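What follows is data-v3.tsv (TSV, C-alpha atoms and all ligand atoms).
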```tsv
chain	number	residue	atom	x	y	z
A	19	MET	CA	14.75	-11.45	-20.48
A	20	LYS	CA	17.29	-12.39	-17.81
A	21	ILE	CA	16.90	-10.42	-14.58
A	22	THR	CA	20.28	-9.40	-13.19
A	23	SER	CA	19.52	-6.52	-10.80
A	24	LEU	CA	17.02	-5.43	-8.15
A	25	LYS	CA	15.93	-2.65	-10.53
A	26	GLU	CA	15.06	-5.17	-13.26
A	27	LEU	CA	13.27	-7.40	-10.76
A	28	TYR	CA	11.34	-4.39	-9.50
A	29	ILE	CA	10.26	-3.36	-13.01
A	30	ALA	CA	9.20	-6.92	-13.90
A	31	GLU	CA	7.10	-7.18	-10.74
A	32	LEU	CA	5.57	-3.77	-11.44
A	33	GLN	CA	4.62	-5.04	-14.91
A	34	GLU	CA	3.03	-8.10	-13.28
A	35	ALA	CA	1.04	-5.74	-11.03
A	36	ARG	CA	-0.22	-3.80	-14.06
A	37	SER	CA	-1.33	-7.11	-15.53
A	38	PHE	CA	-3.11	-8.47	-12.44
A	39	GLU	CA	-4.96	-5.20	-11.77
A	40	GLY	CA	-6.36	-5.34	-15.32
A	41	GLN	CA	-7.39	-8.97	-14.92
A	42	ILE	CA	-9.07	-8.26	-11.57
A	43	ALA	CA	-10.96	-5.25	-12.97
A	44	ASN	CA	-12.23	-7.43	-15.83
A	45	ALA	CA	-13.40	-10.21	-13.53
A	46	LEU	CA	-15.00	-8.24	-10.69
A	47	GLY	CA	-18.21	-7.28	-12.48
A	48	GLU	CA	-19.14	-10.89	-13.06
A	49	LEU	CA	-18.18	-11.92	-9.51
A	50	ALA	CA	-20.24	-9.04	-8.07
A	51	ASP	CA	-23.25	-10.13	-10.15
A	52	ARG	CA	-23.09	-13.59	-8.57
A	53	ALA	CA	-23.19	-12.22	-4.99
A	54	SER	CA	-26.58	-12.49	-3.30
A	55	ASP	CA	-25.85	-10.47	-0.16
A	56	GLY	CA	-26.46	-6.80	-1.01
A	57	ALA	CA	-23.52	-5.47	1.01
A	58	LEU	CA	-21.17	-8.00	-0.57
A	59	ARG	CA	-22.40	-7.18	-4.08
A	60	GLU	CA	-21.90	-3.48	-3.44
A	61	MET	CA	-18.43	-4.03	-2.02
A	62	LEU	CA	-17.30	-6.18	-4.99
A	63	ALA	CA	-18.75	-3.73	-7.51
A	64	GLY	CA	-16.86	-0.91	-5.75
A	65	GLU	CA	-13.60	-2.84	-5.99
A	66	ARG	CA	-13.69	-2.68	-9.78
A	67	PRO	CA	-13.05	1.09	-10.11
A	68	GLU	CA	-10.42	0.74	-7.39
A	69	SER	CA	-8.61	-1.92	-9.41
A	70	LEU	CA	-8.77	0.28	-12.50
A	71	ARG	CA	-7.25	3.18	-10.51
A	72	HIS	CA	-4.49	0.93	-9.19
A	73	GLY	CA	-3.76	-0.21	-12.75
A	74	GLU	CA	-3.55	3.41	-13.92
A	75	ARG	CA	-1.20	4.40	-11.10
A	76	VAL	CA	1.09	1.44	-11.76
A	77	THR	CA	1.03	2.16	-15.51
A	78	ALA	CA	2.05	5.78	-14.82
A	79	LEU	CA	5.03	4.56	-12.76
A	80	LEU	CA	6.11	2.19	-15.55
A	81	GLU	CA	5.84	4.97	-18.13
A	82	ARG	CA	8.02	7.19	-15.95
A	83	HIS	CA	10.62	4.41	-16.00
A	84	GLY	CA	10.34	4.38	-19.80
A	85	VAL	CA	9.36	0.71	-20.07
A	86	ASP	CA	6.45	-1.07	-21.76
A	87	PRO	CA	3.68	-1.46	-19.12
A	88	ARG	CA	2.31	-4.51	-20.93
A	89	ALA	CA	5.51	-6.56	-21.10
A	90	HIS	CA	4.38	-9.12	-18.50
A	91	GLU	CA	1.25	-11.18	-18.12
A	92	ASP	CA	0.58	-12.44	-14.61
A	93	GLN	CA	-0.24	-16.15	-14.82
A	94	THR	CA	-0.89	-16.67	-11.11
A	95	MET	CA	-3.78	-14.21	-11.07
A	96	ARG	CA	-5.17	-15.86	-14.19
A	97	ALA	CA	-5.36	-19.16	-12.27
A	98	ILE	CA	-6.82	-17.56	-9.11
A	99	LEU	CA	-9.53	-15.83	-11.16
A	100	ALA	CA	-10.34	-19.00	-13.09
A	101	GLU	CA	-10.98	-20.77	-9.76
A	102	ALA	CA	-13.05	-17.85	-8.49
A	103	GLY	CA	-15.17	-17.87	-11.63
A	104	LYS	CA	-15.65	-21.63	-11.44
A	105	TRP	CA	-16.95	-21.50	-7.88
A	106	ALA	CA	-19.16	-18.51	-8.61
A	107	ALA	CA	-20.74	-20.38	-11.52
A	108	GLU	CA	-21.03	-23.83	-9.95
A	109	ILE	CA	-22.47	-23.10	-6.49
A	110	ASP	CA	-26.26	-22.70	-6.61
A	111	GLU	CA	-26.95	-22.10	-2.91
A	112	PRO	CA	-26.73	-18.27	-2.63
A	113	ALA	CA	-25.33	-18.02	0.92
A	114	VAL	CA	-22.73	-20.73	0.27
A	115	ARG	CA	-21.79	-19.04	-3.01
A	116	ASP	CA	-21.31	-15.75	-1.12
A	117	ALA	CA	-18.96	-17.49	1.32
A	118	ALA	CA	-17.00	-18.85	-1.67
A	119	LEU	CA	-16.92	-15.41	-3.32
A	120	ILE	CA	-15.47	-13.82	-0.19
A	121	ALA	CA	-12.81	-16.53	0.09
A	122	SER	CA	-11.90	-16.05	-3.58
A	123	VAL	CA	-11.68	-12.28	-3.39
A	124	GLN	CA	-9.64	-12.44	-0.17
A	125	ARG	CA	-7.23	-14.79	-1.98
A	126	ILE	CA	-6.93	-12.10	-4.66
A	127	GLN	CA	-6.36	-9.40	-2.00
A	128	HIS	CA	-3.70	-11.42	-0.20
A	129	TYR	CA	-1.85	-11.97	-3.46
A	130	GLU	CA	-2.00	-8.23	-4.16
A	131	ILE	CA	-0.81	-7.43	-0.62
A	132	ALA	CA	2.18	-9.75	-1.06
A	133	ALA	CA	3.06	-8.21	-4.44
A	134	TYR	CA	2.74	-4.58	-3.32
A	135	GLY	CA	4.54	-5.35	-0.05
A	136	ALA	CA	7.58	-6.51	-2.03
A	137	LEU	CA	7.30	-3.58	-4.45
A	138	VAL	CA	7.22	-1.01	-1.62
A	139	ALA	CA	10.29	-2.61	0.02
A	140	TRP	CA	12.20	-2.72	-3.28
A	141	ALA	CA	11.26	0.86	-4.20
A	142	ARG	CA	12.44	2.07	-0.77
A	143	GLU	CA	15.65	0.06	-1.06
A	144	GLN	CA	16.42	1.90	-4.32
A	145	GLY	CA	15.36	5.30	-2.97
A	146	LEU	CA	12.57	5.57	-5.58
A	147	GLU	CA	9.69	8.05	-5.15
A	148	ASP	CA	7.43	5.23	-6.40
A	149	ALA	CA	7.39	3.87	-2.86
A	150	GLU	CA	4.83	6.44	-1.77
A	151	THR	CA	2.34	5.58	-4.53
A	152	LEU	CA	2.82	1.86	-3.95
A	153	ALA	CA	2.41	2.18	-0.18
A	154	GLY	CA	-0.87	4.01	-0.80
A	155	ILE	CA	-2.12	1.17	-2.99
A	156	LEU	CA	-0.96	-1.39	-0.41
A	157	GLU	CA	-3.02	0.37	2.29
A	158	GLU	CA	-6.13	0.26	0.05
A	159	GLU	CA	-5.61	-3.48	-0.56
A	160	LYS	CA	-5.38	-4.09	3.19
A	161	ALA	CA	-8.51	-2.01	3.82
A	162	ALA	CA	-10.43	-4.05	1.22
A	163	ASP	CA	-9.24	-7.27	2.84
A	164	ASP	CA	-10.42	-6.04	6.27
A	165	LYS	CA	-13.82	-5.11	4.82
A	166	LEU	CA	-14.18	-8.62	3.41
A	167	SER	CA	-13.24	-10.19	6.76
A	168	THR	CA	-15.88	-8.08	8.47
A	169	LEU	CA	-18.53	-9.01	5.90
A	170	ALA	CA	-17.66	-12.69	6.25
A	171	GLY	CA	-17.80	-12.52	10.04
A	172	GLU	CA	-20.93	-10.43	10.36
A	173	ARG	CA	-23.19	-11.70	7.65
A	174	VAL	CA	-22.10	-14.21	5.10
A	175	ASN	CA	-20.57	-17.16	6.92
A	176	ALA	CA	-23.44	-17.37	9.41
A	177	GLY	CA	-25.93	-17.41	6.52
A	178	ALA	CA	-24.02	-20.19	4.80
A	179	SER	CA	-23.84	-22.54	7.75
A	201	FE	FE	-5.48	-3.53	-6.52
```

Conversion result in structure tokens:
Amino acid sequence: MKITSLKELYIAELQEARSFEGQIANALGELADRASDGALREMLAGERPESLRHGERVTALLERHGVDPRAHEDQTMRAILAEAGKWAAEIDEPAVRDAALIASVQRIQHYEIAAYGALVAWAREQGLEDAETLAGILEEEKAADDKLSTLAGERVNAGAS
């Protein structure tokens, strides 16, 4: 489909968000299982229900717009998660693997922050109520990213070096 308006661009990006939240939710269990630090494992396991909730909220917005939530498949997240899974499987040293897991999941968070940042701006530009929901999700993504930075700084990177 050719995109010719901000509204169409917005909907396509929202469909990408629905797709990447589903992919993240599917991958997080396995990534959490590979974490050796207890706090990191707990944090990653807790991110899974959050991703599912984000996916549901985005799906509800798409349904309100009367479009198919599953029309787009996000290929970038597929590649990011493939890399994350590869590192998680290949690194045997637990503390080094934890450092890799944090880097991978922060890459995921930063991608999400970029996507939701654009969506919030585009929703506001069009005067859509969606902006409030999306800004709420964006704040949760930033909070998760901060938690990962703290974990990396306080525990994991020191253990890996
Ligand atoms: Fe999310």

TODO: Counting all atoms listed in the file, name the residues that have an atom within 12 Å of an atom of ligand FE 201 (chain A); the answer should be given as a ChimeraX atom specification.
DONE: /A:34-43,46,64-76,95,123-124,126-134,152-163

Pull C-alpha atoms from the residues just selected and write them as a compact mmCIF listing (two decimals), keeping the file's coordinate frame.
```
# COMPACT_ATOMS: atom_id res chain seq x y z
CA GLU A 34 3.03 -8.10 -13.28
CA ALA A 35 1.04 -5.74 -11.03
CA ARG A 36 -0.22 -3.80 -14.06
CA SER A 37 -1.33 -7.11 -15.53
CA PHE A 38 -3.11 -8.47 -12.44
CA GLU A 39 -4.96 -5.20 -11.77
CA GLY A 40 -6.36 -5.34 -15.32
CA GLN A 41 -7.39 -8.97 -14.92
CA ILE A 42 -9.07 -8.26 -11.57
CA ALA A 43 -10.96 -5.25 -12.97
CA LEU A 46 -15.00 -8.24 -10.69
CA GLY A 64 -16.86 -0.91 -5.75
CA GLU A 65 -13.60 -2.84 -5.99
CA ARG A 66 -13.69 -2.68 -9.78
CA PRO A 67 -13.05 1.09 -10.11
CA GLU A 68 -10.42 0.74 -7.39
CA SER A 69 -8.61 -1.92 -9.41
CA LEU A 70 -8.77 0.28 -12.50
CA ARG A 71 -7.25 3.18 -10.51
CA HIS A 72 -4.49 0.93 -9.19
CA GLY A 73 -3.76 -0.21 -12.75
CA GLU A 74 -3.55 3.41 -13.92
CA ARG A 75 -1.20 4.40 -11.10
CA VAL A 76 1.09 1.44 -11.76
CA MET A 95 -3.78 -14.21 -11.07
CA VAL A 123 -11.68 -12.28 -3.39
CA GLN A 124 -9.64 -12.44 -0.17
CA ILE A 126 -6.93 -12.10 -4.66
CA GLN A 127 -6.36 -9.40 -2.00
CA HIS A 128 -3.70 -11.42 -0.20
CA TYR A 129 -1.85 -11.97 -3.46
CA GLU A 130 -2.00 -8.23 -4.16
CA ILE A 131 -0.81 -7.43 -0.62
CA ALA A 132 2.18 -9.75 -1.06
CA ALA A 133 3.06 -8.21 -4.44
CA TYR A 134 2.74 -4.58 -3.32
CA LEU A 152 2.82 1.86 -3.95
CA ALA A 153 2.41 2.18 -0.18
CA GLY A 154 -0.87 4.01 -0.80
CA ILE A 155 -2.12 1.17 -2.99
CA LEU A 156 -0.96 -1.39 -0.41
CA GLU A 157 -3.02 0.37 2.29
CA GLU A 158 -6.13 0.26 0.05
CA GLU A 159 -5.61 -3.48 -0.56
CA LYS A 160 -5.38 -4.09 3.19
CA ALA A 161 -8.51 -2.01 3.82
CA ALA A 162 -10.43 -4.05 1.22
CA ASP A 163 -9.24 -7.27 2.84
```

Task: Shortest interatomic distance to A:Glu81 - which of A:Ser54, A:Thr22, A:Thr151, A:Gln33, counting all atoms listed in the file - done: A:Gln33

TODO: Find the distance between atom CA of A:Asp116 and atom CA of A:Arg52 and write it in Å to one decimal.
DONE: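 Rounded to one decimal, the two atoms are 8.0 Å apart.
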
Open item on the list: To one decimal place in Å, what is the distance between atom CA of A:Arg88 and atom CA of A:Lys104?
Closed with: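 Straight-line distance from atom CA of A:Arg88 to atom CA of A:Lys104 works out to 26.6 Å.
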
Task: Shortest interatomic distance to A:Gly135 - which of A:Leu58, A:Val114, A:Leu80, A:Glu150, counting only C-alpha atoms - done: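 Of all the options, A:Glu150 lies closest to A:Gly135.
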
Task: One-decimal distance in Å that lies between atom CA of A:Ala89 and atom CA of A:Glu143 - done: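 Interatomic distance, atom CA of A:Glu143 to atom CA of A:Ala89: 23.4 Å.
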
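You can rank A:Lys20, A:Leu146, A:Glu48, A:Ala53 by their closest distance to A:Glu111 using all atoms listed in the file, and at the top of that list sits A:Ala53.
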
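Counting only C-alpha atoms, the residue from A:Met61, A:Gly47, A:Leu32, A:Asp55 that sits nearest to A:Asp164 is A:Met61.
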
- [ ] List every protein, DNA or RNA residue that has an atom no more than 12 Å from (-20.5, -17.4, -4.8) in the file's coordinate frame, counting only C-alpha atoms, and report them as a PyMOL selection string.
- [x] chain A and resi 48-55+58-59+62+101-123+174-175+178

Serialized selection, C-alpha atoms, as a PDB file, in the coordinates of the input:
```
ATOM      1  CA  GLU A  48     -19.140 -10.890 -13.060  1.00  0.00           C
ATOM      2  CA  LEU A  49     -18.180 -11.920  -9.510  1.00  0.00           C
ATOM      3  CA  ALA A  50     -20.240  -9.040  -8.070  1.00  0.00           C
ATOM      4  CA  ASP A  51     -23.250 -10.130 -10.150  1.00  0.00           C
ATOM      5  CA  ARG A  52     -23.090 -13.590  -8.570  1.00  0.00           C
ATOM      6  CA  ALA A  53     -23.190 -12.220  -4.990  1.00  0.00           C
ATOM      7  CA  SER A  54     -26.580 -12.490  -3.300  1.00  0.00           C
ATOM      8  CA  ASP A  55     -25.850 -10.470  -0.160  1.00  0.00           C
ATOM      9  CA  LEU A  58     -21.170  -8.000  -0.570  1.00  0.00           C
ATOM     10  CA  ARG A  59     -22.400  -7.180  -4.080  1.00  0.00           C
ATOM     11  CA  LEU A  62     -17.300  -6.180  -4.990  1.00  0.00           C
ATOM     12  CA  GLU A 101     -10.980 -20.770  -9.760  1.00  0.00           C
ATOM     13  CA  ALA A 102     -13.050 -17.850  -8.490  1.00  0.00           C
ATOM     14  CA  GLY A 103     -15.170 -17.870 -11.630  1.00  0.00           C
ATOM     15  CA  LYS A 104     -15.650 -21.630 -11.440  1.00  0.00           C
ATOM     16  CA  TRP A 105     -16.950 -21.500  -7.880  1.00  0.00           C
ATOM     17  CA  ALA A 106     -19.160 -18.510  -8.610  1.00  0.00           C
ATOM     18  CA  ALA A 107     -20.740 -20.380 -11.520  1.00  0.00           C
ATOM     19  CA  GLU A 108     -21.030 -23.830  -9.950  1.00  0.00           C
ATOM     20  CA  ILE A 109     -22.470 -23.100  -6.490  1.00  0.00           C
ATOM     21  CA  ASP A 110     -26.260 -22.700  -6.610  1.00  0.00           C
ATOM     22  CA  GLU A 111     -26.950 -22.100  -2.910  1.00  0.00           C
ATOM     23  CA  PRO A 112     -26.730 -18.270  -2.630  1.00  0.00           C
ATOM     24  CA  ALA A 113     -25.330 -18.020   0.920  1.00  0.00           C
ATOM     25  CA  VAL A 114     -22.730 -20.730   0.270  1.00  0.00           C
ATOM     26  CA  ARG A 115     -21.790 -19.040  -3.010  1.00  0.00           C
ATOM     27  CA  ASP A 116     -21.310 -15.750  -1.120  1.00  0.00           C
ATOM     28  CA  ALA A 117     -18.960 -17.490   1.320  1.00  0.00           C
ATOM     29  CA  ALA A 118     -17.000 -18.850  -1.670  1.00  0.00           C
ATOM     30  CA  LEU A 119     -16.920 -15.410  -3.320  1.00  0.00           C
ATOM     31  CA  ILE A 120     -15.470 -13.820  -0.190  1.00  0.00           C
ATOM     32  CA  ALA A 121     -12.810 -16.530   0.090  1.00  0.00           C
ATOM     33  CA  SER A 122     -11.900 -16.050  -3.580  1.00  0.00           C
ATOM     34  CA  VAL A 123     -11.680 -12.280  -3.390  1.00  0.00           C
ATOM     35  CA  VAL A 174     -22.100 -14.210   5.100  1.00  0.00           C
ATOM     36  CA  ASN A 175     -20.570 -17.160   6.920  1.00  0.00           C
ATOM     37  CA  ALA A 178     -24.020 -20.190   4.800  1.00  0.00           C
TER      38      ALA A 178
END
```

If the box runs along x, y and z of the file and leaves 6 Å on each side of stretch 154-169 of chain A, what are its centre and edge lengths in Å, one decimal, as lines of an AutoDock Vina configuration file?
```
center_x = -9.7
center_y = -3.1
center_z = 2.7
size_x = 29.7
size_y = 26.2
size_z = 23.5
```

TODO: Find, counting only C-alpha atoms, the residue in A:Ala176, A:Leu137, A:Ala57, A:Ala63 that gets nearest to A:Leu79.
DONE: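 Residue with the minimum atom-to-atom distance to A:Leu79: A:Leu137.
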
Open item on the list: Which residue is closest to A:Thr94? Choose from A:Ser179, A:Leu24, A:Arg125, A:Thr77 and count all atoms listed in the file.
Closed with: A:Arg125

Repaired coordinates for stretch 137-154 of chain A (N, CA and C atoms) as a PDB file, in the frame of the given file:
```
ATOM      1  N   LEU A 137       7.004  -4.755  -3.621  1.00  0.00           N
ATOM      2  CA  LEU A 137       7.300  -3.580  -4.450  1.00  0.00           C
ATOM      3  C   LEU A 137       7.665  -2.362  -3.607  1.00  0.00           C
ATOM      4  N   VAL A 138       6.923  -2.145  -2.504  1.00  0.00           N
ATOM      5  CA  VAL A 138       7.220  -1.010  -1.620  1.00  0.00           C
ATOM      6  C   VAL A 138       8.643  -1.165  -1.057  1.00  0.00           C
ATOM      7  N   ALA A 139       8.962  -2.372  -0.579  1.00  0.00           N
ATOM      8  CA  ALA A 139      10.290  -2.610   0.020  1.00  0.00           C
ATOM      9  C   ALA A 139      11.387  -2.378  -1.020  1.00  0.00           C
ATOM     10  N   TRP A 140      11.171  -2.860  -2.241  1.00  0.00           N
ATOM     11  CA  TRP A 140      12.200  -2.720  -3.280  1.00  0.00           C
ATOM     12  C   TRP A 140      12.340  -1.269  -3.733  1.00  0.00           C
ATOM     13  N   ALA A 141      11.202  -0.557  -3.810  1.00  0.00           N
ATOM     14  CA  ALA A 141      11.260   0.860  -4.200  1.00  0.00           C
ATOM     15  C   ALA A 141      12.022   1.649  -3.133  1.00  0.00           C
ATOM     16  N   ARG A 142      11.741   1.358  -1.860  1.00  0.00           N
ATOM     17  CA  ARG A 142      12.440   2.070  -0.770  1.00  0.00           C
ATOM     18  C   ARG A 142      13.933   1.774  -0.802  1.00  0.00           C
ATOM     19  N   GLU A 143      14.247   0.508  -1.016  1.00  0.00           N
ATOM     20  CA  GLU A 143      15.650   0.060  -1.060  1.00  0.00           C
ATOM     21  C   GLU A 143      16.433   0.861  -2.107  1.00  0.00           C
ATOM     22  N   GLN A 144      15.750   1.175  -3.225  1.00  0.00           N
ATOM     23  CA  GLN A 144      16.420   1.900  -4.320  1.00  0.00           C
ATOM     24  C   GLN A 144      16.253   3.409  -4.212  1.00  0.00           C
ATOM     25  N   GLY A 145      15.578   3.862  -3.137  1.00  0.00           N
ATOM     26  CA  GLY A 145      15.360   5.300  -2.970  1.00  0.00           C
ATOM     27  C   GLY A 145      14.427   5.895  -4.021  1.00  0.00           C
ATOM     28  N   LEU A 146      13.494   5.085  -4.536  1.00  0.00           N
ATOM     29  CA  LEU A 146      12.570   5.570  -5.580  1.00  0.00           C
ATOM     30  C   LEU A 146      11.350   6.244  -4.951  1.00  0.00           C
ATOM     31  N   GLU A 147      10.916   7.357  -5.586  1.00  0.00           N
ATOM     32  CA  GLU A 147       9.690   8.050  -5.150  1.00  0.00           C
ATOM     33  C   GLU A 147       8.466   7.140  -5.289  1.00  0.00           C
ATOM     34  N   ASP A 148       8.545   6.172  -6.170  1.00  0.00           N
ATOM     35  CA  ASP A 148       7.430   5.230  -6.400  1.00  0.00           C
ATOM     36  C   ASP A 148       6.892   4.649  -5.102  1.00  0.00           C
ATOM     37  N   ALA A 149       7.770   4.549  -4.104  1.00  0.00           N
ATOM     38  CA  ALA A 149       7.390   3.870  -2.860  1.00  0.00           C
ATOM     39  C   ALA A 149       6.132   4.458  -2.248  1.00  0.00           C
ATOM     40  N   GLU A 150       5.981   5.771  -2.378  1.00  0.00           N
ATOM     41  CA  GLU A 150       4.830   6.440  -1.770  1.00  0.00           C
ATOM     42  C   GLU A 150       3.525   6.007  -2.447  1.00  0.00           C
ATOM     43  N   THR A 151       3.524   6.020  -3.770  1.00  0.00           N
ATOM     44  CA  THR A 151       2.340   5.580  -4.530  1.00  0.00           C
ATOM     45  C   THR A 151       2.013   4.134  -4.189  1.00  0.00           C
ATOM     46  N   LEU A 152       3.031   3.295  -4.176  1.00  0.00           N
ATOM     47  CA  LEU A 152       2.820   1.860  -3.950  1.00  0.00           C
ATOM     48  C   LEU A 152       2.335   1.593  -2.527  1.00  0.00           C
ATOM     49  N   ALA A 153       2.864   2.352  -1.564  1.00  0.00           N
ATOM     50  CA  ALA A 153       2.410   2.180  -0.180  1.00  0.00           C
ATOM     51  C   ALA A 153       0.946   2.581  -0.048  1.00  0.00           C
ATOM     52  N   GLY A 154       0.533   3.600  -0.803  1.00  0.00           N
ATOM     53  CA  GLY A 154      -0.870   4.010  -0.800  1.00  0.00           C
ATOM     54  C   GLY A 154      -1.767   2.908  -1.333  1.00  0.00           C
TER      55      GLY A 154
END
```
